[in-house]
$ cat entry.cif   # mmCIF, C-alpha atoms
data_my_file
loop_
_atom_site.label_atom_id
_atom_site.label_comp_id
_atom_site.auth_asym_id
_atom_site.auth_seq_id
_atom_site.Cartn_x
_atom_site.Cartn_y
_atom_site.Cartn_z
CA MET A 1 83.69 172.73 94.55
CA LYS A 2 79.94 172.23 94.65
CA PRO A 3 77.52 171.01 91.98
CA ALA A 4 75.70 173.55 89.80
CA LYS A 5 71.93 173.84 90.06
CA PHE A 6 69.79 171.01 88.72
CA ASP A 7 66.23 169.78 88.89
CA TYR A 8 65.94 166.76 91.16
CA HIS A 9 63.56 163.87 90.61
CA ALA A 10 63.34 160.64 92.56
CA PRO A 11 60.76 158.49 90.76
CA ALA A 12 59.41 155.37 92.45
CA ALA A 13 59.20 153.32 89.25
CA LEU A 14 61.43 152.66 86.27
CA GLU A 15 58.74 153.72 83.78
CA ALA A 16 58.58 157.16 85.40
CA ALA A 17 62.37 157.47 85.20
CA ILE A 18 62.27 156.64 81.47
CA ALA A 19 59.53 159.26 80.92
CA LEU A 20 61.68 161.85 82.71
CA LEU A 21 64.67 160.98 80.52
CA GLN A 22 62.48 161.68 77.49
CA ASP A 23 61.19 164.96 78.96
CA TYR A 24 64.73 166.28 79.37
CA LYS A 25 65.82 165.19 75.88
CA GLY A 26 69.32 164.07 76.80
CA GLU A 27 69.97 166.90 79.30
CA ALA A 28 69.29 164.77 82.40
CA ARG A 29 71.65 162.32 84.08
CA LEU A 30 70.72 159.20 86.02
CA LEU A 31 71.96 159.06 89.61
CA ALA A 32 72.84 155.48 90.55
CA GLY A 33 75.62 155.12 93.16
CA GLY A 34 76.94 158.56 92.28
CA GLN A 35 80.53 157.59 93.09
CA SER A 36 81.76 158.85 89.70
CA LEU A 37 78.94 161.25 88.80
CA LEU A 38 79.02 163.34 91.99
CA PRO A 39 82.80 163.96 91.78
CA MET A 40 82.31 165.05 88.15
CA MET A 41 79.46 167.34 89.22
CA ASN A 42 81.50 168.75 92.12
CA PHE A 43 84.22 169.66 89.62
CA ARG A 44 81.50 170.98 87.28
CA LEU A 45 82.80 168.75 84.54
CA VAL A 46 79.16 167.67 84.28
CA GLU A 47 76.28 170.10 84.75
CA PRO A 48 73.07 168.23 84.00
CA ALA A 49 69.77 170.10 83.78
CA ALA A 50 68.28 167.37 85.95
CA LEU A 51 69.23 164.42 88.09
CA ILE A 52 66.94 161.41 88.00
CA ASP A 53 67.68 159.51 91.18
CA LEU A 54 67.19 155.74 90.80
CA ASN A 55 67.82 155.07 94.49
CA ARG A 56 64.11 155.14 95.34
CA ILE A 57 63.30 152.25 92.99
CA PRO A 58 63.82 149.22 95.24
CA SER A 59 62.91 146.71 92.52
CA LEU A 60 66.20 147.54 90.75
CA ALA A 61 68.36 145.89 93.45
CA TYR A 62 68.50 142.08 93.57
CA ILE A 63 70.83 139.13 93.17
CA ARG A 64 69.41 135.95 91.62
CA ALA A 65 70.91 132.79 90.21
CA GLU A 66 68.94 130.57 87.87
CA ASP A 67 69.60 128.46 84.77
CA GLY A 68 73.35 128.98 84.96
CA VAL A 69 73.11 132.76 85.02
CA VAL A 70 73.70 135.21 87.88
CA ARG A 71 71.32 138.14 87.39
CA LEU A 72 71.83 141.43 89.19
CA GLY A 73 69.49 144.36 89.33
CA ALA A 74 71.31 147.43 88.02
CA MET A 75 71.10 149.21 91.39
CA THR A 76 72.72 146.35 93.30
CA ARG A 77 75.61 147.80 95.30
CA HIS A 78 79.12 146.44 94.93
CA ARG A 79 79.16 145.76 98.64
CA ALA A 80 76.05 143.58 98.43
CA VAL A 81 77.74 141.50 95.71
CA GLU A 82 81.03 141.30 97.60
CA PHE A 83 79.36 139.74 100.65
CA SER A 84 76.59 137.78 98.92
CA PRO A 85 76.57 134.07 99.88
CA LEU A 86 74.81 133.33 96.58
CA VAL A 87 77.56 135.01 94.55
CA ALA A 88 80.25 133.29 96.64
CA GLU A 89 78.66 129.94 95.86
CA ARG A 90 77.71 130.38 92.20
CA LEU A 91 80.22 132.85 90.77
CA PRO A 92 83.11 133.53 93.16
CA LEU A 93 85.00 135.28 90.33
CA LEU A 94 82.38 138.07 90.47
CA ALA A 95 82.97 138.60 94.20
CA GLU A 96 86.74 138.58 93.61
CA VAL A 97 86.46 141.20 90.86
CA VAL A 98 84.08 143.42 92.83
CA ALA A 99 86.43 143.42 95.84
CA LEU A 100 89.02 145.09 93.58
CA ILE A 101 86.74 148.09 93.01
CA ALA A 102 87.94 151.16 94.91
CA HIS A 103 87.52 151.14 98.70
CA LEU A 104 84.84 149.79 101.07
CA PRO A 105 82.98 153.15 101.50
CA ILE A 106 82.82 153.47 97.70
CA ARG A 107 81.58 149.89 97.36
CA SER A 108 78.83 150.69 99.90
CA ARG A 109 77.29 153.07 97.36
CA GLY A 110 78.58 152.20 93.88
CA THR A 111 76.32 150.05 91.73
CA ILE A 112 76.88 147.28 89.20
CA GLY A 113 74.70 148.94 86.55
CA GLY A 114 76.22 152.37 87.12
CA SER A 115 79.74 151.09 86.55
CA LEU A 116 78.77 149.30 83.32
CA ALA A 117 76.79 152.26 81.96
CA LEU A 118 79.66 154.66 82.68
CA ALA A 119 82.27 152.38 81.03
CA ASP A 120 85.28 153.96 82.70
CA PRO A 121 88.40 152.54 80.97
CA ALA A 122 89.90 151.41 84.30
CA ALA A 123 86.69 149.85 85.65
CA GLU A 124 86.68 146.15 86.47
CA LEU A 125 83.09 145.22 85.62
CA PRO A 126 83.22 145.92 81.85
CA MET A 127 86.23 143.56 81.83
CA LEU A 128 84.33 140.84 83.68
CA LEU A 129 81.20 141.20 81.53
CA GLN A 130 83.33 140.64 78.44
CA ALA A 131 85.35 137.74 79.84
CA LEU A 132 82.13 135.95 80.83
CA GLU A 133 80.33 137.01 77.63
CA GLY A 134 77.51 138.42 79.71
CA GLU A 135 74.76 140.77 78.71
CA VAL A 136 72.69 143.65 80.03
CA VAL A 137 69.02 144.53 79.76
CA ALA A 138 68.17 148.05 78.62
CA ARG A 139 64.68 149.45 79.27
CA GLY A 140 63.38 152.30 77.14
CA PRO A 141 60.13 153.85 75.92
CA LYS A 142 59.62 150.97 73.48
CA GLY A 143 60.22 148.21 75.98
CA GLU A 144 63.33 146.24 76.71
CA ARG A 145 66.21 144.86 74.69
CA VAL A 146 69.19 142.70 75.54
CA ILE A 147 72.68 143.99 74.70
CA LYS A 148 75.54 141.50 74.65
CA ALA A 149 78.86 142.53 76.18
CA ALA A 150 80.48 142.63 72.74
CA GLY A 151 77.92 145.22 71.60
CA LEU A 152 77.81 147.39 74.72
CA PHE A 153 81.19 149.12 74.98
CA GLU A 154 81.90 151.47 72.08
CA GLY A 155 84.76 153.65 73.27
CA LEU A 156 86.01 155.89 76.04
CA MET A 157 83.10 156.12 78.51
CA THR A 158 80.71 155.41 75.65
CA THR A 159 78.15 152.63 75.42
CA SER A 160 75.45 151.66 72.94
CA LEU A 161 72.71 152.61 75.44
CA ALA A 162 70.37 155.20 73.93
CA ALA A 163 69.76 158.52 75.69
CA ASP A 164 66.29 157.40 76.78
CA GLU A 165 67.31 153.91 77.88
CA ILE A 166 68.13 152.70 81.38
CA LEU A 167 70.32 149.71 82.07
CA SER A 168 68.08 147.63 84.33
CA GLU A 169 69.71 144.21 84.70
CA VAL A 170 73.14 142.61 84.34
CA ARG A 171 73.52 138.92 83.48
CA PHE A 172 76.72 136.98 84.11
CA PRO A 173 76.72 133.42 82.75
CA VAL A 174 78.26 130.94 85.19
CA PRO A 175 81.21 129.16 83.50
CA SER A 176 80.85 125.41 83.02
CA ALA A 177 81.88 123.13 85.89
CA GLY A 178 85.63 122.67 85.80
CA ALA A 179 86.28 125.95 84.02
CA GLY A 180 89.27 127.90 85.31
CA CYS A 181 88.86 131.58 86.16
CA ALA A 182 91.28 134.19 87.43
CA VAL A 183 91.64 137.94 87.68
CA GLU A 184 94.93 139.79 88.08
CA GLU A 185 95.14 143.53 88.66
CA PHE A 186 97.93 145.97 89.33
CA ALA A 187 97.35 149.34 90.98
CA ARG A 188 99.91 151.48 92.76
CA ARG A 189 97.86 151.26 95.93
CA ARG A 190 95.03 148.80 96.59
CA GLY A 191 91.77 150.50 95.64
CA ASP A 192 93.30 152.96 93.21
CA PHE A 193 92.37 152.87 89.54
CA ALA A 194 93.90 149.82 87.85
CA LEU A 195 97.03 150.51 85.83
CA ALA A 196 96.28 147.19 84.20
CA ALA A 197 93.99 144.24 84.84
CA VAL A 198 93.23 141.00 83.04
CA THR A 199 90.43 138.50 83.60
CA VAL A 200 90.68 134.98 82.21
CA VAL A 201 88.01 132.31 81.81
CA LEU A 202 89.22 128.94 80.47
CA ASP A 203 87.20 125.92 79.46
CA ARG A 204 89.78 123.19 79.88
CA ASP A 205 90.27 119.60 78.96
CA GLY A 206 93.57 118.63 80.57
CA GLU A 207 96.26 120.70 78.86
CA ARG A 208 93.90 121.41 76.00
CA CYS A 209 91.85 124.57 75.98
CA ARG A 210 88.42 124.27 74.43
CA LYS A 211 87.63 127.92 74.88
CA ALA A 212 89.55 130.89 76.25
CA ARG A 213 88.09 134.29 77.07
CA LEU A 214 90.42 137.12 78.10
CA ALA A 215 89.50 140.74 78.74
CA THR A 216 91.27 143.84 80.01
CA ALA A 217 90.86 146.97 82.11
CA GLY A 218 93.04 150.05 82.37
CA VAL A 219 95.07 149.46 79.21
CA GLY A 220 93.11 151.34 76.58
CA PRO A 221 90.20 153.70 76.06
CA VAL A 222 87.76 150.86 76.66
CA SER A 223 87.88 147.32 78.01
CA ILE A 224 88.52 144.85 75.18
CA ARG A 225 88.63 141.10 74.58
CA LEU A 226 92.09 139.78 73.75
CA THR A 227 90.96 137.69 70.78
CA GLY A 228 94.46 137.11 69.42
CA ALA A 229 95.63 135.61 72.69
CA GLU A 230 92.41 133.57 72.93
CA ALA A 231 93.08 132.04 69.49
CA ILE A 232 96.63 131.07 70.44
CA LEU A 233 95.40 129.25 73.56
CA GLU A 234 92.53 127.49 71.80
CA ARG A 235 94.94 126.30 69.10
CA GLY A 236 97.99 125.50 71.22
CA GLY A 237 96.73 124.51 74.68
CA LEU A 238 97.88 125.58 78.12
CA SER A 239 101.55 124.66 78.30
CA ASP A 240 103.99 127.23 79.71
CA ASP A 241 105.30 128.03 76.23
CA VAL A 242 101.85 128.66 74.80
CA ILE A 243 100.85 130.78 77.80
CA ASP A 244 103.94 132.94 77.31
CA GLU A 245 103.16 133.28 73.61
CA ALA A 246 99.55 134.28 74.38
CA ALA A 247 100.71 136.80 76.98
CA ALA A 248 103.09 138.39 74.47
CA LYS A 249 100.23 138.59 71.97
CA ALA A 250 98.02 140.20 74.63
CA ALA A 251 100.58 142.97 75.10
CA ASP A 252 100.44 143.62 71.33
CA GLU A 253 96.65 143.77 71.27
CA VAL A 254 96.11 146.55 73.81
CA LEU A 255 96.24 150.30 73.12
CA PRO A 256 97.38 151.86 76.40
CA GLN A 257 97.97 155.55 76.95
CA THR A 258 100.83 157.25 78.73
CA ASP A 259 99.63 159.31 81.68
CA LEU A 260 100.72 160.52 85.10
CA HIS A 261 100.54 157.01 86.53
CA GLY A 262 102.49 155.05 83.93
CA THR A 263 103.75 154.96 80.36
CA ALA A 264 102.10 153.05 77.56
CA ASP A 265 105.11 150.70 77.45
CA TYR A 266 104.81 150.00 81.16
CA ARG A 267 101.14 149.17 80.77
CA ARG A 268 101.95 146.80 77.90
CA HIS A 269 104.53 145.13 80.10
CA LEU A 270 101.94 144.80 82.88
CA THR A 271 99.43 143.33 80.42
CA ARG A 272 101.92 140.61 79.45
CA VAL A 273 102.86 139.79 83.04
CA LEU A 274 99.29 139.83 84.38
CA THR A 275 97.97 137.76 81.45
CA ALA A 276 100.59 135.08 82.06
CA ARG A 277 99.88 135.09 85.80
CA ALA A 278 96.12 134.88 85.32
CA LEU A 279 96.46 132.05 82.80
CA ARG A 280 98.73 130.03 85.09
CA ARG A 281 96.25 130.45 87.95
CA ALA A 282 93.22 129.67 85.80
CA ARG A 283 94.98 126.56 84.46
CA THR A 284 95.15 125.07 87.96
CA VAL A 285 92.22 126.51 89.93
CA HIS A 286 88.55 125.69 89.81
CA MET B 1 62.74 170.49 91.17
CA SER B 2 65.65 172.77 92.08
CA GLU B 3 63.60 174.45 94.85
CA PRO B 4 64.55 173.69 98.47
CA VAL B 5 63.42 170.32 99.76
CA THR B 6 62.67 169.14 103.29
CA ILE B 7 64.90 166.40 104.63
CA ARG B 8 64.01 164.30 107.66
CA LEU B 9 66.56 161.85 108.95
CA ASN B 10 68.10 160.24 112.01
CA VAL B 11 71.64 161.10 112.99
CA ASN B 12 73.24 159.25 115.89
CA GLY B 13 69.80 158.18 117.06
CA ALA B 14 68.30 161.69 117.14
CA ARG B 15 65.70 162.98 114.70
CA TYR B 16 66.59 166.00 112.57
CA GLU B 17 64.82 168.02 109.92
CA GLY B 18 66.27 170.57 107.54
CA ARG B 19 65.61 172.33 104.25
CA CYS B 20 68.13 172.75 101.47
CA GLU B 21 68.59 172.84 97.73
CA PRO B 22 68.86 169.41 96.04
CA ARG B 23 72.42 170.26 95.03
CA LYS B 24 73.60 170.52 98.63
CA LEU B 25 76.17 167.87 99.50
CA LEU B 26 75.38 165.66 102.47
CA VAL B 27 78.56 166.69 104.30
CA ASP B 28 77.66 170.38 103.97
CA PHE B 29 74.13 169.67 105.20
CA LEU B 30 75.49 167.88 108.27
CA ARG B 31 77.91 170.69 109.07
CA GLU B 32 76.00 173.81 108.07
CA ASP B 33 72.34 172.90 108.54
CA LEU B 34 72.53 170.42 111.41
CA GLY B 35 75.61 171.92 113.11
CA LEU B 36 77.40 168.56 113.21
CA THR B 37 80.89 169.76 112.35
CA GLY B 38 82.75 166.63 113.45
CA THR B 39 82.60 165.26 109.91
CA HIS B 40 85.33 167.01 107.91
CA VAL B 41 85.31 168.28 104.33
CA GLY B 42 88.55 167.50 102.56
CA CYS B 43 88.88 166.95 98.84
CA GLU B 44 85.17 167.21 97.88
CA HIS B 45 85.54 164.55 95.23
CA GLY B 46 85.55 161.27 97.06
CA VAL B 47 89.28 160.64 97.31
CA CYS B 48 90.50 161.65 100.78
CA GLY B 49 87.85 159.97 102.94
CA ALA B 50 87.79 162.65 105.69
CA CYS B 51 84.00 162.99 105.26
CA THR B 52 83.24 159.29 105.81
CA ILE B 53 80.05 158.60 107.78
CA HIS B 54 77.82 155.56 108.19
CA PHE B 55 74.76 155.65 105.94
CA ASN B 56 72.19 153.03 106.96
CA GLY B 57 74.95 151.15 108.76
CA GLU B 58 77.57 151.24 106.01
CA SER B 59 80.55 153.56 105.63
CA ALA B 60 80.08 156.06 102.80
CA ARG B 61 81.60 159.35 101.69
CA SER B 62 79.29 162.23 102.47
CA CYS B 63 80.98 164.64 100.01
CA ILE B 64 79.81 162.59 97.04
CA MET B 65 76.26 162.12 98.25
CA LEU B 66 73.48 164.67 98.14
CA ALA B 67 71.66 165.67 101.32
CA VAL B 68 68.37 164.86 99.59
CA GLN B 69 69.49 161.24 99.28
CA ALA B 70 69.56 161.02 103.08
CA ASP B 71 65.84 161.80 103.47
CA GLY B 72 64.53 158.96 105.63
CA ALA B 73 68.00 157.55 106.26
CA ASP B 74 69.74 156.52 109.45
CA LEU B 75 73.17 158.14 109.75
CA HIS B 76 76.01 157.81 112.21
CA THR B 77 78.81 160.32 112.47
CA ILE B 78 81.89 160.81 114.62
CA GLU B 79 79.76 162.67 117.18
CA GLY B 80 77.92 159.44 117.95
CA LEU B 81 80.98 157.31 118.73
CA ALA B 82 81.45 158.18 122.41
CA THR B 83 78.78 157.10 124.91
CA ASN B 84 78.00 159.50 127.79
CA GLY B 85 81.41 161.10 127.47
CA VAL B 86 83.24 157.77 127.44
CA PHE B 87 85.41 157.14 124.39
CA HIS B 88 84.57 154.32 122.02
CA PRO B 89 87.39 151.70 122.13
CA LEU B 90 88.59 153.01 118.75
CA GLN B 91 88.83 156.57 120.06
CA GLN B 92 90.57 155.34 123.21
CA ALA B 93 93.08 153.37 121.12
CA PHE B 94 93.81 156.37 118.87
CA HIS B 95 94.37 158.41 122.05
CA GLU B 96 96.71 155.86 123.61
CA HIS B 97 98.69 154.97 120.49
CA HIS B 98 99.11 158.43 119.03
CA GLY B 99 96.77 157.59 116.17
CA LEU B 100 96.28 161.23 115.27
CA GLN B 101 98.54 164.18 114.70
CA CYS B 102 96.68 167.11 113.13
CA GLY B 103 93.40 165.21 113.47
CA PHE B 104 91.94 166.27 110.16
CA CYS B 105 91.50 162.78 108.73
CA THR B 106 90.59 161.24 112.10
CA PRO B 107 86.78 161.33 111.76
CA GLY B 108 87.11 159.44 108.48
CA MET B 109 89.71 157.03 109.85
CA LEU B 110 87.49 156.17 112.82
CA MET B 111 84.31 155.68 110.79
CA VAL B 112 86.10 153.54 108.19
CA ALA B 113 87.86 151.52 110.89
CA LEU B 114 84.59 150.86 112.73
CA ASP B 115 82.87 149.58 109.58
CA PHE B 116 85.92 147.48 108.75
CA LEU B 117 86.24 145.91 112.23
CA ARG B 118 82.57 144.91 112.19
CA ILE B 119 83.26 142.96 109.00
CA ASN B 120 86.67 141.69 110.07
CA PRO B 121 87.11 141.63 113.88
CA ARG B 122 90.51 139.86 113.65
CA PRO B 123 92.39 141.72 110.96
CA THR B 124 96.01 141.26 109.97
CA GLU B 125 98.22 144.33 109.68
CA ALA B 126 98.03 144.07 105.88
CA GLN B 127 94.22 144.03 106.03
CA ILE B 128 94.19 147.10 108.29
CA ARG B 129 96.49 148.93 105.86
CA GLU B 130 94.22 148.00 102.98
CA ALA B 131 91.13 149.19 104.89
CA ILE B 132 92.61 152.59 105.71
CA SER B 133 93.78 153.07 102.13
CA ALA B 134 90.26 154.53 101.90
CA VAL B 135 91.44 157.58 103.89
CA LEU B 136 94.40 159.87 103.29
CA CYS B 137 96.47 161.12 106.23
CA ARG B 138 98.69 164.03 105.22
CA CYS B 139 100.69 163.81 108.44
CA THR B 140 101.60 160.33 107.09
CA GLY B 141 101.00 158.93 110.54
CA TYR B 142 99.83 155.61 109.17
CA ARG B 143 102.06 153.50 111.39
CA ASP B 144 100.39 154.67 114.60
CA ILE B 145 96.95 154.56 113.01
CA VAL B 146 97.52 150.89 112.15
CA ARG B 147 98.68 150.21 115.72
CA SER B 148 95.61 152.02 117.10
CA ILE B 149 93.19 150.00 115.01
CA ALA B 150 94.92 146.72 115.91
CA ALA B 151 94.66 147.64 119.61
CA ALA B 152 91.02 148.66 119.24
CA ALA B 153 90.21 145.37 117.52
CA GLU B 154 91.53 143.52 120.54
CA THR B 155 89.55 145.64 123.00
CA MET B 156 86.39 145.33 120.95
CA ARG B 157 86.78 141.55 120.81
CA ASP B 158 87.26 141.41 124.59
CA ASN B 159 84.28 143.70 125.16
CA SER B 160 81.93 142.02 122.74
CA ALA B 161 81.68 138.43 124.10
CA GLY B 162 78.39 138.06 122.28
CA ALA B 163 77.26 141.69 122.41
CA PRO B 164 78.91 143.61 119.56
CA ARG B 165 78.22 147.32 119.72
#
$ encode --input "entry.cif" --output "structure tokens"
Amino acid sequence: MKPAKFDYHAPAALEAAIALLQDYKGEARLLAGGQSLLPMMNFRLVEPAALIDLNRIPSLAYIRAEDGVVRLGAMTRHRAVEFSPLVAERLPLLAEVVALIAHLPIRSRGTIGGSLALADPAAELPMLLQALEGEVVARGPKGERVIKAAGLFEGLMTTSLAADEILSEVRFPVPSAGAGCAVEEFARRRGDFALAAVTVVLDRDGERCRKARLATAGVGPVSIRLTGAEAILERGGLSDDVIDEAAAKAADEVLPQTDLHGTADYRRHLTRVLTARALRRARTVH
Amino acid sequence: MSEPVTIRLNVNGARYEGRCEPRKLLVDFLREDLGLTGTHVGCEHGVCGACTIHFNGESARSCIMLAVQADGADLHTIEGLATNGVFHPLQQAFHEHHGLQCGFCTPGMLMVALDFLRINPRPTEAQIREAISAVLCRCTGYRDIVRSIAAAAETMRDNSAGAPR
């Protein structure tokens, strides 16, 4: 199908985009990469009164690394992150996670900020933002505010961004030197939506685990932190037995749905297996 | 607003201009307004990959982009692959290795494969299969498509010797 009629605006500055959002009082949608929005508009699941195209605001696309934080402009394309030498050097986990997103032609267009603002339950970036305890910057009529990962994702495709706010920057803290990171994902075909995915960030001291951060994708209405599994690891360390116990806990913590692609039980099983795999990798890799 | 807009762009090195509503999809603009019907419309929701083109040098799906987004852009489509009637090595390889049956997905397969081989000129079979997972072939002729792309990679490496096209 084809999209229904809409007003089209392509402002050259973020302030103008915010003003347009206010003018349309919640009836406009922001066009970032469009890789989820355009399909929804083609199906007429979404019929916005207006599209505010952010693609003509060049200042929204950048990759910087300073003070232990990788900062990405919201309109930075997945592809730019995937092949960024700076990301490869400072935060290779980010490049690894981004390479799991859909297919190359989708990554050419899809944006980091768009994925986080949409909060699709199977999306990888909400998972990574939570595992790294990152944050986003939201710009609105009253200026800007910082939203931590824990306060951003509220439910199925729902965030705490206000209707007149635009996600402008994403900040991923770089884990301490010697931290172990790993991502494990299962999809029926590479590039398809994840049936289950787990990202692990471990601050280790030999077999001890000073801090564990685990987050999911695809196994519930929204990406969550696996705080029960984290507590087991921080208390018990990183032996095989403790990892298996944490993985079993992880499977209990998620709230997967049964759908065409897999049952809830299958997704729980995947959560346990992927959590154990990711933990064993993170225990040994740098 | 929702009134027709003028779009000026380059496609395969030639300048074009057209007018359309903002809601017009890029693939429909290419086919209906510019007469470039080599790019195919399949699923219209970014899943099948038949409509893949190169947008400012990168493969992208033209059914989930708006024509208005291409104003000022540099596009390449299947029509631009051959040079003076001579097949591009990818086209030649698809011809020789039976890389197409019905041909519907072929424009997308070729444009994805070209982008992929520029990034990875020496792919393994597994990497080729992963790359073309971006395009659905309903003839299920994947085996010969993989062979075609592997053969093209070799030819393109031999041809390039410092001058990649």
$ resolve_selection --input "entry.cif" --expression "the PyMOL selection byres ((chain B) within 9 of (chain A))" --output "PyMOL selection string"
chain B and resi 1-3+21-25+43-46+49+52-55+58-61+63-66+68-69+112+115-116+130-134
$ residues_around --input "entry.cif" --residues "Asn10 of chain B" --least-positions-apart "6" --cutoff "8 Å" --atoms "all atoms listed in the file" --output "PyMOL selection string"
chain B and resi 16+72-75
$ residues_around --input "entry.cif" --residues "Arg272 of chain A" --least-positions-apart "5" --cutoff "12 Å" --atoms "only C-alpha atoms" --output "PDB file with C-alpha atoms, in the frame of the given file"
ATOM      1  CA  GLU A 184      94.930 139.790  88.080  1.00  0.00           C
ATOM      2  CA  GLU A 185      95.140 143.530  88.660  1.00  0.00           C
ATOM      3  CA  PHE A 186      97.930 145.970  89.330  1.00  0.00           C
ATOM      4  CA  ALA A 196      96.280 147.190  84.200  1.00  0.00           C
ATOM      5  CA  ALA A 197      93.990 144.240  84.840  1.00  0.00           C
ATOM      6  CA  VAL A 198      93.230 141.000  83.040  1.00  0.00           C
ATOM      7  CA  THR A 216      91.270 143.840  80.010  1.00  0.00           C
ATOM      8  CA  VAL A 219      95.070 149.460  79.210  1.00  0.00           C
ATOM      9  CA  LEU A 226      92.090 139.780  73.750  1.00  0.00           C
ATOM     10  CA  ALA A 229      95.630 135.610  72.690  1.00  0.00           C
ATOM     11  CA  ILE A 243     100.850 130.780  77.800  1.00  0.00           C
ATOM     12  CA  ASP A 244     103.940 132.940  77.310  1.00  0.00           C
ATOM     13  CA  GLU A 245     103.160 133.280  73.610  1.00  0.00           C
ATOM     14  CA  ALA A 246      99.550 134.280  74.380  1.00  0.00           C
ATOM     15  CA  ALA A 247     100.710 136.800  76.980  1.00  0.00           C
ATOM     16  CA  ALA A 248     103.090 138.390  74.470  1.00  0.00           C
ATOM     17  CA  LYS A 249     100.230 138.590  71.970  1.00  0.00           C
ATOM     18  CA  ALA A 250      98.020 140.200  74.630  1.00  0.00           C
ATOM     19  CA  ALA A 251     100.580 142.970  75.100  1.00  0.00           C
ATOM     20  CA  ASP A 252     100.440 143.620  71.330  1.00  0.00           C
ATOM     21  CA  GLU A 253      96.650 143.770  71.270  1.00  0.00           C
ATOM     22  CA  VAL A 254      96.110 146.550  73.810  1.00  0.00           C
ATOM     23  CA  ASP A 265     105.110 150.700  77.450  1.00  0.00           C
ATOM     24  CA  TYR A 266     104.810 150.000  81.160  1.00  0.00           C
ATOM     25  CA  ARG A 267     101.140 149.170  80.770  1.00  0.00           C
ATOM     26  CA  ARG A 277      99.880 135.090  85.800  1.00  0.00           C
ATOM     27  CA  ALA A 278      96.120 134.880  85.320  1.00  0.00           C
ATOM     28  CA  LEU A 279      96.460 132.050  82.800  1.00  0.00           C
TER      29      LEU A 279
END
$ residues_near_point --input "entry.cif" --point "(85.1, 142.4, 89.8)" --cutoff "6 Å" --atoms "only C-alpha atoms" --output "list in words"
Leu94, Glu96, Val97, Val98, Glu124 and Leu125 of chain A
$ resolve_selection --input "entry.cif" --expression "the PyMOL selection byres ((chain B and resi 148-152) around 10)" --output "ChimeraX atom specification"
/B:88-100,109-110,113-114,116-117,121-125,128-129,132,142-147,153-158
$ resolve_selection --input "entry.cif" --expression "the PyMOL selection byres ((chain A and resi 210-212) around 9)" --output "number ranges by chain"
A: 131, 200-205, 208-209, 213-214, 227, 229-231, 233-235, 237
$ write_last_selection --input "entry.cif" --atoms "C-alpha atoms" --output "CSV table (one decimal), in the frame of the given file"
chain,number,residue,atom,x,y,z
A,131,ALA,CA,85.4,137.7,79.8
A,200,VAL,CA,90.7,135.0,82.2
A,201,VAL,CA,88.0,132.3,81.8
A,202,LEU,CA,89.2,128.9,80.5
A,203,ASP,CA,87.2,125.9,79.5
A,204,ARG,CA,89.8,123.2,79.9
A,205,ASP,CA,90.3,119.6,79.0
A,208,ARG,CA,93.9,121.4,76.0
A,209,CYS,CA,91.8,124.6,76.0
A,213,ARG,CA,88.1,134.3,77.1
A,214,LEU,CA,90.4,137.1,78.1
A,227,THR,CA,91.0,137.7,70.8
A,229,ALA,CA,95.6,135.6,72.7
A,230,GLU,CA,92.4,133.6,72.9
A,231,ALA,CA,93.1,132.0,69.5
A,233,LEU,CA,95.4,129.2,73.6
A,234,GLU,CA,92.5,127.5,71.8
A,235,ARG,CA,94.9,126.3,69.1
A,237,GLY,CA,96.7,124.5,74.7
$ residues_around --input "entry.cif" --residues "Leu14 of chain A" --least-positions-apart "6" --cutoff "9 Å" --atoms "all atoms listed in the file" --output "ChimeraX atom specification"
/A:54,57,59-60,139,166,168
$ atom_distance --input "entry.cif" --atom1 "atom CA of Leu36 of chain B" --atom2 "atom CA of Gly80 of chain B"
10.3 Å
$ atom_distance --input "entry.cif" --atom1 "atom CA of Ala32 of chain A" --atom2 "atom CA of Ile101 of chain A"
15.9 Å
$ atom_distance --input "entry.cif" --atom1 "atom CA of Arg64 of chain A" --atom2 "atom CA of Val174 of chain A"
12.0 Å
